Structure formats: C-alpha cells, structure tokens
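Down below is the structure, laid out as structure tokens.
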Amino acid sequence: DIEQNVGVCWRCKTPIEFINAKQWFLKTIPFKKLVLEMSNRIKWYPDFMKKRLEDWVNSLEWDWVISRQRYFATPIPVWECKKCGNIVLAREEDCYVDPTVDDPPVDACPKCGGELKGCEDVFDTWMDSSISPLYNTFWKRDEEKFKKLYPMSLRPQAHDIIRTWAFYTILRCALLTGREPFKNIMMGGFILSEDGTPMHASLGNVIDPLEIIEEYGADAFRCYAATCSLGEDNPFRKKDVVRGVRLLRKLWNIERFVSLSIGDKKPSKPSEFIDIDAWILTRYSKLVKRCTELMDSFNYSQAMKEMEKFVWHEFADHYIEMVKGCVYRGENLESVRFTLYTIGFGIMKLFAPFFPHLTEEVYHQVFKKFEKEESIHISKWPEPILIDEEKEKYGEEVKKFISAVRRWKSDNGIALNAPIKASCTYAPEDVINIFLRSRNIIIDTLNLPREHKFIPGSPEVEERIKDIKLNFAKIGPLLRDKSKEVAKWIAEHKDKIIKKIETDGDITWKDIGIADLEGSLIREGYIKVEKEVKIKGEEGNVINLYDAVYLVIET
Ligand SMILES: [Zn+2]
Ligand SMILES: [Zn+2]
C-alpha cells in the first residue's frame with residue numbers, strides 16, 4: 001500500500017480525479033493592462049481592496065476557462081463540424097440559442113460540407129454575471145437609457161469575489177464598451193458566527209437571518225448589519241440587534257412627540273429662532289453635512305453612529321426635554337415647531353437607508369400630509385439648514401447647566417422632573433447672560449421655582465463641617481477593645497470636636513483624653529470630615545456644579 005496526498009471535494013471530502021479535456025477559453029492575458037487601467041478609473045472602497053485585484057491581474061499566467069461540463073447553465077452558442085472541427089457561431093439576432101436543441105444558422109459546415117453538432121458544454125457562471133452592468137443599463141436594448149446609466153454608479157460586492165466577479169466584469173465590459181463598468185466599487189465583509197468562525201452548514205453554526213427578523217424585525221437586524229465596517233468581516237452580535245430595537249423605539253417616540261407638537265399646518269420658517277432652536281439646528285446641520293460626506297464615501301457604519309449619537313444624546317435627551325415646556329404652554333411655538341418638523345423629518349431621511357420600514361411608516365403617519373412625495377425613499381436627502389456658531393455656544397452652555405443640575409438630582413436620588421427649591425444660580429456674567437436668554441426654558445426643564453434668580457459673579461461662601469465619621473478600618477486595629485468606648489465618647493462630644501477642628505484644623509488623641517496615644521486624627525485618617533458649602537450668613541446649600549457655576553438650594 002502506498003500513501004498519497006490527494007485533493008478532495010471541500011464539501012463531501014471525496015477524492016478528486018483530474019481529467020484532461022478540451023475546453024473553451026477567453027483570452028485574458030493580452031488585456032491585463034486594460035483591466036488595470038479601468039481599475040484605476042474606479043474608486044475602490046476601502047481603497048486597499050484595489051491592490052487585491054492588481055495582485056491577481058499581475059499574477060495571471062493563463063486565459064480564462066469559460067466552458068463547463070454541467071447540466072444547468074447558459075449554453076455555449078456554437079456548432080462544431082464532425083468532420084473537420086470547424087466552428088460555426090450563432091447569429092447575434094438568433095440568440096438566445098441552445099445548440100443542443102436549435103438548428104445552426106447554416107445547414108452544413110461551410111468549409112467541408114460536413115455535419116454540424118451542437119456544443120454540449122455550458123458557460124462558466126461568471127460569463128453571465130460579468131455583464132450584469134450591461135444588462136442593467138439596457139446595453140443594445142435602449143441606447144438612450146444606456147448612455148444615461150452607464151457606467152453604473154456603484155458595484156456593491158464582497159471581497160471573496162474580487163478575482164472573479166469584479167475582475168471578469170471589468171474585463172468584459174471594457175472589451176465590449178471600451179469603458180469601466182462602474183464608478184465606485186464597495187466591498188462589504190462577511191458575517192461570521194458569534195464566536196468569529198465562518199458559518200457553514202456542516203459546522204452547524206449558521207445563523208438564520210429569517211429567525212432574527214421574525215423575532216426583532218428587519219430594521220433592527222439592519223441596524224446590526226450597518227455597524228459592520230466596509231471590507232471587514234464581523235462576528236454576528238445579537239446585542240447590536242437589541243440595540244437596534246431600542247433605537248427604533250426611541251425614534252418612534254421622538255416622532256410621536258414631533259407629530260403631537262407641530263400642529264396641523266406645515267410649520268414655516270420663523271423670522272428668528274430662539275437660542276436653543278438655533279443651537280439644535282446648527283448641531284443638526286453639522287450632522288447632515290458630516291453624514292453626507294460619510295455616505296458619499298460609503299462609510300455608512302460611521303454615519304449611523306453619528307446619527308445615533310445625535311438622536312440620543314442631543315435631540316432626545318436634551319432638546320426635546322428643553323422644549324416640552326414651550327409646547328405645553330404655547331411659548332415660542334413658531335420657532336419650536338419649525339425646528340421639530342425640520343429635524344424630525346430630517347432624521348427620518350437620514351435613517352431611511354438604514355431603517356426603510358420604520359421611516360416609511362413615520363413618513364406616512366406624520367409628514368406625508370405636508371409633503372409631495374409618495375414615499376420617503378424618493379424624497380430629497382436633507383441639507384444643512386442653519387449654521388450659527390454663536391448660538392451653538394449658547395445652546396451648549398444651557399445644555400451643560402441643565403445636565404449638571406440633572407446629574408446632581410440623580411446623584412441625590414431626586415426624580416428628574418421633581419421640583420427643587422433652588423433660589424438662585426451664580427455664574428460669571430457672560431454665562432448668566434446666556435442663561436437669561438433661555439430663562440424660562442431652564443426653569444421649565446429643571447422644574448425650578450418661577451422666581452429663581454440668575455446672579456452674575458460668585459457667591460460669598462463659607463465651608464462648614466457638616467459631620468465627622470470614624471474610620472473603623474483604622475481605629476479598630478489601633479484601639480482594639482477600647483474602640484467602642486472611644487467611638488461613644490466621640491459621638492457624645494461631636495459638636496465640641498467639630499468646633500475644635502474648625503479652629504485648629506485637626507484634633508489630637510490627647511484632646512480626646514481617654515486614649516493614651518500621640519498624633520492627630522484627621523491627618524492620620526482616623527476620622528473623616530464631611531463639609532458643606534454655604535452662602536455666608538444664609539442657610540441654603542451651595543452646590544458647585546462646575547467651573548464657577550453655583551446653584552443655591554434652600555434647606
Ligand atoms: Zn463532493
Ligand atoms: Zn467541416
């Protein structure tokens with residue numbers, strides 16, 4: 001017995017037997033330069049994928065075998081003379097023909113009069129798919145459409161078929177038309193199984209997209225797909241589908257608020273915007289500009305990230321919270337309604353390529369009665385609407401203040417919409433002036449008292465000791481069975497100790513008297529001091545929100 005290495009079928013592992021056979025070829029070697037030239041005219045996304053085509057072309061040493069011996073494929077439209085081997089080609093006007101069934105265009109071999117036999121081979125599948133751009137642009141079927149549509153704007157495909165689909169398409173279209181088949185080529189990646197291995201039926205790790213769609217919906221599934229960067233293989237991540245569900249729900253709720261707030265006429269542009277409208281419209285316009293650039297370079301994953309960030313962390317969390325008061329009390333309606341309409345509709349357009357179902361539904365429910373287009377998917381891509389750098393700064397300042405107060409509320413276990421008894425805000429004069437321009441909005445959003453004062457400058461504050469706490473982790477090992485007694489003594493003399501610390505800055509073991517020890521308690525970490533900031537001579541608590549911005553809370 002001799003052991004040998006043999007090639008096997010990748011699927012069923014049966015050894016492969018090589019058979020010599022006559023085949024049809026398409027000349028490719030003479031056209032290497034042509035393909036490389038055409039490839040240079042095409043924009044590749046990502047750029048490095050072009051190198052893969054170039055390496056392939058440069059390494060080619062034989063022509064393309066275009067015939068296959070299989071049952072199902074496109075027949076090769078030729079007849080062969082049984083006697084002399086002469087080839088008779090089908091007439092173009094007769095195609096499509098199947099030479100095993102159809103008659104040849106001539107009765108006998110034009111060379112020797114011999115009998116003609118239809119070719120039983122079929123084409124390699126890439127012979128058909130390599131002319132898809134010609135088919136799609138009505139080549140030889142409608143000259144006018146062809147002129148308008150060819151070269152196509154985009155070839156979307158995966159990186160595993162650069163050497164086949166991309167290469168053969170460029171080759172054949174260049175040979176038939178003298179031009180490149182498309183202006184851009186975009187390489188998607190593969191979706192791998194959750195552990196990062198390629199999906200194979202034989203490995204049992206195939207994720208059925210229909211099951212995911214059934215459970216979470218198609219748009220949520222697309223949310224995951226859109227997180228996969230161009231040209232990169234990505235493990236399937238269910239958490240990104242779940243993230244998609246949350247985002248879709250958020251968008252739905254935002255649009256419901258928009259639809260309830262805009263009234264029954266299409267809002268027209270106001271003569272002037274209130275600050276936070278100018279702010280959010282500027283933020284939105286910058287988003288549109290950035291996303292347009294990203295989408296133009298097929299960087300859809302980054303575009304979606306930016307849209308998502310804007311929707312959650314600027315529009316929903318801040319802007320909508322800020323204008324709820326205006327909407328409920330009918331203030332600044334002209335400015336607010338126009339802004340809500342513009343951004344509410346604009347983000348639907350931005351998300352339309354990602355979430356075609358949700359955006360279309362929202363369009364029909366909310367915007368279609370004011371717009372011309374039958375579908376959001378044929379509406380115009382949004383354009384920047386306002387860039388006002390100064391108001392953008394104002395809005396950011398207001399947002400910063402509101403966020404800081406809300407953070408303080410949540411840190412202190414206060415519900416975000418609960419009223420707080422805050423009598424005034426101190427801040428540098430320029431900041432106070434910005435706050436005053438949006439006074440009602442700040443008061444409404446934070447549920448501050450109507451008479452809340454915004455005061456320029458900083459308050460005269462004093463620090464007071466609110467409480468002292470024993471650090472038992474240090475005191476225990478030091479005093480052992482005496483620690484309880486010491487703790488009791490300290491608790492009973494707390495006021496005295498605080499006074500002592502306020503005048504001397506610390507307290508020593510000697511001051512306590514019952515422990516025969518050296519050293520001081522604060523410096524060495526035996527007690528911790530809790531301080532509070534008060535306005536001199538007043539009882540209210542002063543919270544330093546950030547920088548030189550203070551909020552005074554009545555106690
Ligand atoms: Zn097999
Ligand atoms: Zn012949």
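Every chain in the structure tokens has a letter given in the order shown (A, B, ...), and although residue numbers restart at 1 in each chain, ligands are simply numbered from 1 in the order shown.
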All residues within 7 Å of ligand 2 are required, counting only C-alpha atoms and all ligand atoms; please report them as a ChimeraX atom specification. /A:81-86,109-114
For the selection you just gave me, I'd like the residues written to a file as a PDB file, in the first residue's frame, keeping all heavy atoms.
```pdb
ATOM      1  N   CYS A  81     -18.088  21.153 -36.589  1.00  0.00           N
ATOM      2  CA  CYS A  81     -18.162  20.212 -37.709  1.00  0.00           C
ATOM      3  C   CYS A  81     -17.607  18.865 -37.263  1.00  0.00           C
ATOM      4  O   CYS A  81     -16.505  18.787 -36.729  1.00  0.00           O
ATOM      5  CB  CYS A  81     -17.369  20.745 -38.908  1.00  0.00           C
ATOM      6  SG  CYS A  81     -17.239  19.521 -40.236  1.00  0.00           S
ATOM      7  N   LYS A  82     -18.412  17.830 -37.435  1.00  0.00           N
ATOM      8  CA  LYS A  82     -17.997  16.498 -37.000  1.00  0.00           C
ATOM      9  C   LYS A  82     -16.770  16.015 -37.771  1.00  0.00           C
ATOM     10  O   LYS A  82     -15.990  15.206 -37.272  1.00  0.00           O
ATOM     11  CB  LYS A  82     -19.139  15.496 -37.224  1.00  0.00           C
ATOM     12  CG  LYS A  82     -20.187  15.512 -36.114  1.00  0.00           C
ATOM     13  CD  LYS A  82     -21.239  14.439 -36.370  1.00  0.00           C
ATOM     14  CE  LYS A  82     -22.210  14.301 -35.216  1.00  0.00           C
ATOM     15  NZ  LYS A  82     -23.296  13.371 -35.553  1.00  0.00           N
ATOM     16  N   LYS A  83     -16.630  16.546 -39.017  1.00  0.00           N
ATOM     17  CA  LYS A  83     -15.573  16.048 -39.887  1.00  0.00           C
ATOM     18  C   LYS A  83     -14.260  16.812 -39.700  1.00  0.00           C
ATOM     19  O   LYS A  83     -13.215  16.216 -39.443  1.00  0.00           O
ATOM     20  CB  LYS A  83     -16.023  16.192 -41.358  1.00  0.00           C
ATOM     21  CG  LYS A  83     -15.853  14.927 -42.175  1.00  0.00           C
ATOM     22  CD  LYS A  83     -16.770  15.001 -43.379  1.00  0.00           C
ATOM     23  CE  LYS A  83     -16.061  14.726 -44.682  1.00  0.00           C
ATOM     24  NZ  LYS A  83     -16.931  15.083 -45.828  1.00  0.00           N
ATOM     25  N   CYS A  84     -14.337  18.160 -39.825  1.00  0.00           N
ATOM     26  CA  CYS A  84     -13.074  18.911 -39.820  1.00  0.00           C
ATOM     27  C   CYS A  84     -12.875  19.753 -38.567  1.00  0.00           C
ATOM     28  O   CYS A  84     -11.857  20.419 -38.404  1.00  0.00           O
ATOM     29  CB  CYS A  84     -12.965  19.800 -41.062  1.00  0.00           C
ATOM     30  SG  CYS A  84     -14.038  21.257 -40.997  1.00  0.00           S
ATOM     31  N   GLY A  85     -13.879  19.775 -37.673  1.00  0.00           N
ATOM     32  CA  GLY A  85     -13.703  20.514 -36.416  1.00  0.00           C
ATOM     33  C   GLY A  85     -13.947  22.011 -36.544  1.00  0.00           C
ATOM     34  O   GLY A  85     -13.792  22.755 -35.572  1.00  0.00           O
ATOM     35  N   ASN A  86     -14.345  22.468 -37.733  1.00  0.00           N
ATOM     36  CA  ASN A  86     -14.632  23.893 -37.934  1.00  0.00           C
ATOM     37  C   ASN A  86     -15.789  24.338 -37.021  1.00  0.00           C
ATOM     38  O   ASN A  86     -16.708  23.572 -36.749  1.00  0.00           O
ATOM     39  CB  ASN A  86     -14.991  24.123 -39.409  1.00  0.00           C
ATOM     40  CG  ASN A  86     -15.280  25.590 -39.693  1.00  0.00           C
ATOM     41  OD1 ASN A  86     -14.607  26.469 -39.156  1.00  0.00           O
ATOM     42  ND2 ASN A  86     -16.273  25.841 -40.533  1.00  0.00           N
ATOM     43  N   CYS A 109     -21.282  22.310 -42.688  1.00  0.00           N
ATOM     44  CA  CYS A 109     -20.014  23.012 -42.475  1.00  0.00           C
ATOM     45  C   CYS A 109     -19.649  23.809 -43.725  1.00  0.00           C
ATOM     46  O   CYS A 109     -19.567  23.247 -44.812  1.00  0.00           O
ATOM     47  CB  CYS A 109     -18.915  21.999 -42.161  1.00  0.00           C
ATOM     48  SG  CYS A 109     -17.266  22.737 -42.119  1.00  0.00           S
ATOM     49  N   PRO A 110     -19.457  25.140 -43.598  1.00  0.00           N
ATOM     50  CA  PRO A 110     -19.129  25.959 -44.771  1.00  0.00           C
ATOM     51  C   PRO A 110     -17.779  25.581 -45.376  1.00  0.00           C
ATOM     52  O   PRO A 110     -17.511  25.879 -46.533  1.00  0.00           O
ATOM     53  CB  PRO A 110     -19.074  27.386 -44.220  1.00  0.00           C
ATOM     54  CG  PRO A 110     -19.618  27.322 -42.843  1.00  0.00           C
ATOM     55  CD  PRO A 110     -19.495  25.916 -42.362  1.00  0.00           C
ATOM     56  N   LYS A 111     -16.925  24.897 -44.610  1.00  0.00           N
ATOM     57  CA  LYS A 111     -15.592  24.562 -45.109  1.00  0.00           C
ATOM     58  C   LYS A 111     -15.596  23.256 -45.891  1.00  0.00           C
ATOM     59  O   LYS A 111     -15.066  23.176 -46.993  1.00  0.00           O
ATOM     60  CB  LYS A 111     -14.605  24.450 -43.944  1.00  0.00           C
ATOM     61  CG  LYS A 111     -13.855  25.753 -43.706  1.00  0.00           C
ATOM     62  CD  LYS A 111     -12.660  25.514 -42.793  1.00  0.00           C
ATOM     63  CE  LYS A 111     -11.923  26.819 -42.537  1.00  0.00           C
ATOM     64  NZ  LYS A 111     -11.066  26.707 -41.345  1.00  0.00           N
ATOM     65  N   CYS A 112     -16.211  22.199 -45.277  1.00  0.00           N
ATOM     66  CA  CYS A 112     -16.105  20.888 -45.909  1.00  0.00           C
ATOM     67  C   CYS A 112     -17.459  20.254 -46.178  1.00  0.00           C
ATOM     68  O   CYS A 112     -17.546  19.143 -46.692  1.00  0.00           O
ATOM     69  CB  CYS A 112     -15.248  19.945 -45.063  1.00  0.00           C
ATOM     70  SG  CYS A 112     -16.090  19.375 -43.567  1.00  0.00           S
ATOM     71  N   GLY A 113     -18.540  20.917 -45.805  1.00  0.00           N
ATOM     72  CA  GLY A 113     -19.871  20.369 -46.032  1.00  0.00           C
ATOM     73  C   GLY A 113     -20.248  19.289 -45.035  1.00  0.00           C
ATOM     74  O   GLY A 113     -21.293  18.651 -45.156  1.00  0.00           O
ATOM     75  N   GLY A 114     -19.418  19.101 -44.012  1.00  0.00           N
ATOM     76  CA  GLY A 114     -19.680  18.062 -43.015  1.00  0.00           C
ATOM     77  C   GLY A 114     -20.865  18.405 -42.112  1.00  0.00           C
ATOM     78  O   GLY A 114     -21.364  19.534 -42.094  1.00  0.00           O
TER      79      GLY A 114
END
```
If we count only C-alpha atoms, what is near Glu361 (chain A) at a cut-off of 10 Å, once residues fewer than 5 positions away on the same chain are taken out, given as a list in words? Trp252, Pro356, Val366, Phe367, Lys368, Ser375 and Ile376 of chain A
Selection within 10 Å of ligand 1 by only C-alpha atoms and all ligand atoms, output as a PDB file with N, CA, C and O atoms, in the first residue's frame:
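Ended up saving to selection07.pdb:
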```pdb
ATOM      1  N   VAL A   8      -9.344  16.670  -2.237  1.00  0.00           N
ATOM      2  CA  VAL A   8     -10.688  16.135  -2.010  1.00  0.00           C
ATOM      3  C   VAL A   8     -11.722  17.232  -2.216  1.00  0.00           C
ATOM      4  O   VAL A   8     -11.417  18.417  -2.155  1.00  0.00           O
ATOM      5  N   CYS A   9     -12.938  16.795  -2.457  1.00  0.00           N
ATOM      6  CA  CYS A   9     -14.067  17.720  -2.565  1.00  0.00           C
ATOM      7  C   CYS A   9     -14.219  18.442  -1.220  1.00  0.00           C
ATOM      8  O   CYS A   9     -14.240  17.796  -0.169  1.00  0.00           O
ATOM      9  N   TRP A  10     -14.320  19.789  -1.237  1.00  0.00           N
ATOM     10  CA  TRP A  10     -14.361  20.542   0.026  1.00  0.00           C
ATOM     11  C   TRP A  10     -15.617  20.226   0.822  1.00  0.00           C
ATOM     12  O   TRP A  10     -15.656  20.351   2.027  1.00  0.00           O
ATOM     13  N   ARG A  11     -16.611  19.710   0.093  1.00  0.00           N
ATOM     14  CA  ARG A  11     -17.893  19.546   0.741  1.00  0.00           C
ATOM     15  C   ARG A  11     -18.078  18.134   1.300  1.00  0.00           C
ATOM     16  O   ARG A  11     -18.406  17.958   2.465  1.00  0.00           O
ATOM     17  N   CYS A  12     -17.836  17.120   0.427  1.00  0.00           N
ATOM     18  CA  CYS A  12     -18.115  15.758   0.881  1.00  0.00           C
ATOM     19  C   CYS A  12     -16.840  14.956   1.068  1.00  0.00           C
ATOM     20  O   CYS A  12     -16.889  13.790   1.433  1.00  0.00           O
ATOM     21  N   LYS A  13     -15.684  15.604   0.821  1.00  0.00           N
ATOM     22  CA  LYS A  13     -14.371  15.001   1.076  1.00  0.00           C
ATOM     23  C   LYS A  13     -14.047  13.799   0.180  1.00  0.00           C
ATOM     24  O   LYS A  13     -13.147  13.027   0.485  1.00  0.00           O
ATOM     25  N   THR A  14     -14.787  13.590  -0.908  1.00  0.00           N
ATOM     26  CA  THR A  14     -14.459  12.528  -1.858  1.00  0.00           C
ATOM     27  C   THR A  14     -13.193  12.928  -2.621  1.00  0.00           C
ATOM     28  O   THR A  14     -13.075  14.087  -3.024  1.00  0.00           O
ATOM     29  N   PRO A  15     -12.235  11.991  -2.812  1.00  0.00           N
ATOM     30  CA  PRO A  15     -11.025  12.350  -3.568  1.00  0.00           C
ATOM     31  C   PRO A  15     -11.371  12.838  -4.973  1.00  0.00           C
ATOM     32  O   PRO A  15     -12.319  12.357  -5.594  1.00  0.00           O
ATOM     33  N   ILE A  16     -10.595  13.804  -5.444  1.00  0.00           N
ATOM     34  CA  ILE A  16     -10.831  14.409  -6.758  1.00  0.00           C
ATOM     35  C   ILE A  16      -9.955  13.711  -7.795  1.00  0.00           C
ATOM     36  O   ILE A  16      -8.774  13.468  -7.554  1.00  0.00           O
TER      37      ILE A  16
END
```
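Nearest-residue note for Pro353 (chain A): choosing from A:Asn332, A:Glu314, A:Asp219, A:Phe338, the minimum distance belongs to A:Asp219, counting only C-alpha atoms.
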Nearest to Gly263 (chain A) among A:Leu340, A:Ile501, A:Ile402, A:Ile475, with distances taken over only C-alpha atoms: which residue is it? A:Leu340
Select from region 356-413 of chain A every residue with an atom at most 12 Å from any atom of region 288-302 of chain A, then for each give the shortest pair of atoms and their distance in Å to one decimal, using only C-alpha atoms, rows by chain and rising number, as CSV.
```
residue,atom,partner,partner_atom,distance
A:Trp381,CA,A:Thr292,CA,8.6
A:Pro382,CA,A:Val288,CA,6.8
A:Glu383,CA,A:Val288,CA,6.4
A:Pro384,CA,A:Val288,CA,5.9
A:Ile385,CA,A:Val288,CA,9.0
A:Leu386,CA,A:Val288,CA,10.8
A:Ile387,CA,A:Lys289,CA,10.8
```
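For the pair CA of Pro105 (chain A) and CA of Trp24 (chain A), the separation is 20.6 Å.
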Pick from A:Thr177, A:Asn412, A:Asn5, A:Ser132, whichever lies nearest to Lys147 (chain A) using only C-alpha atoms: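 Closest residue, counting only C-alpha atoms: A:Thr177.
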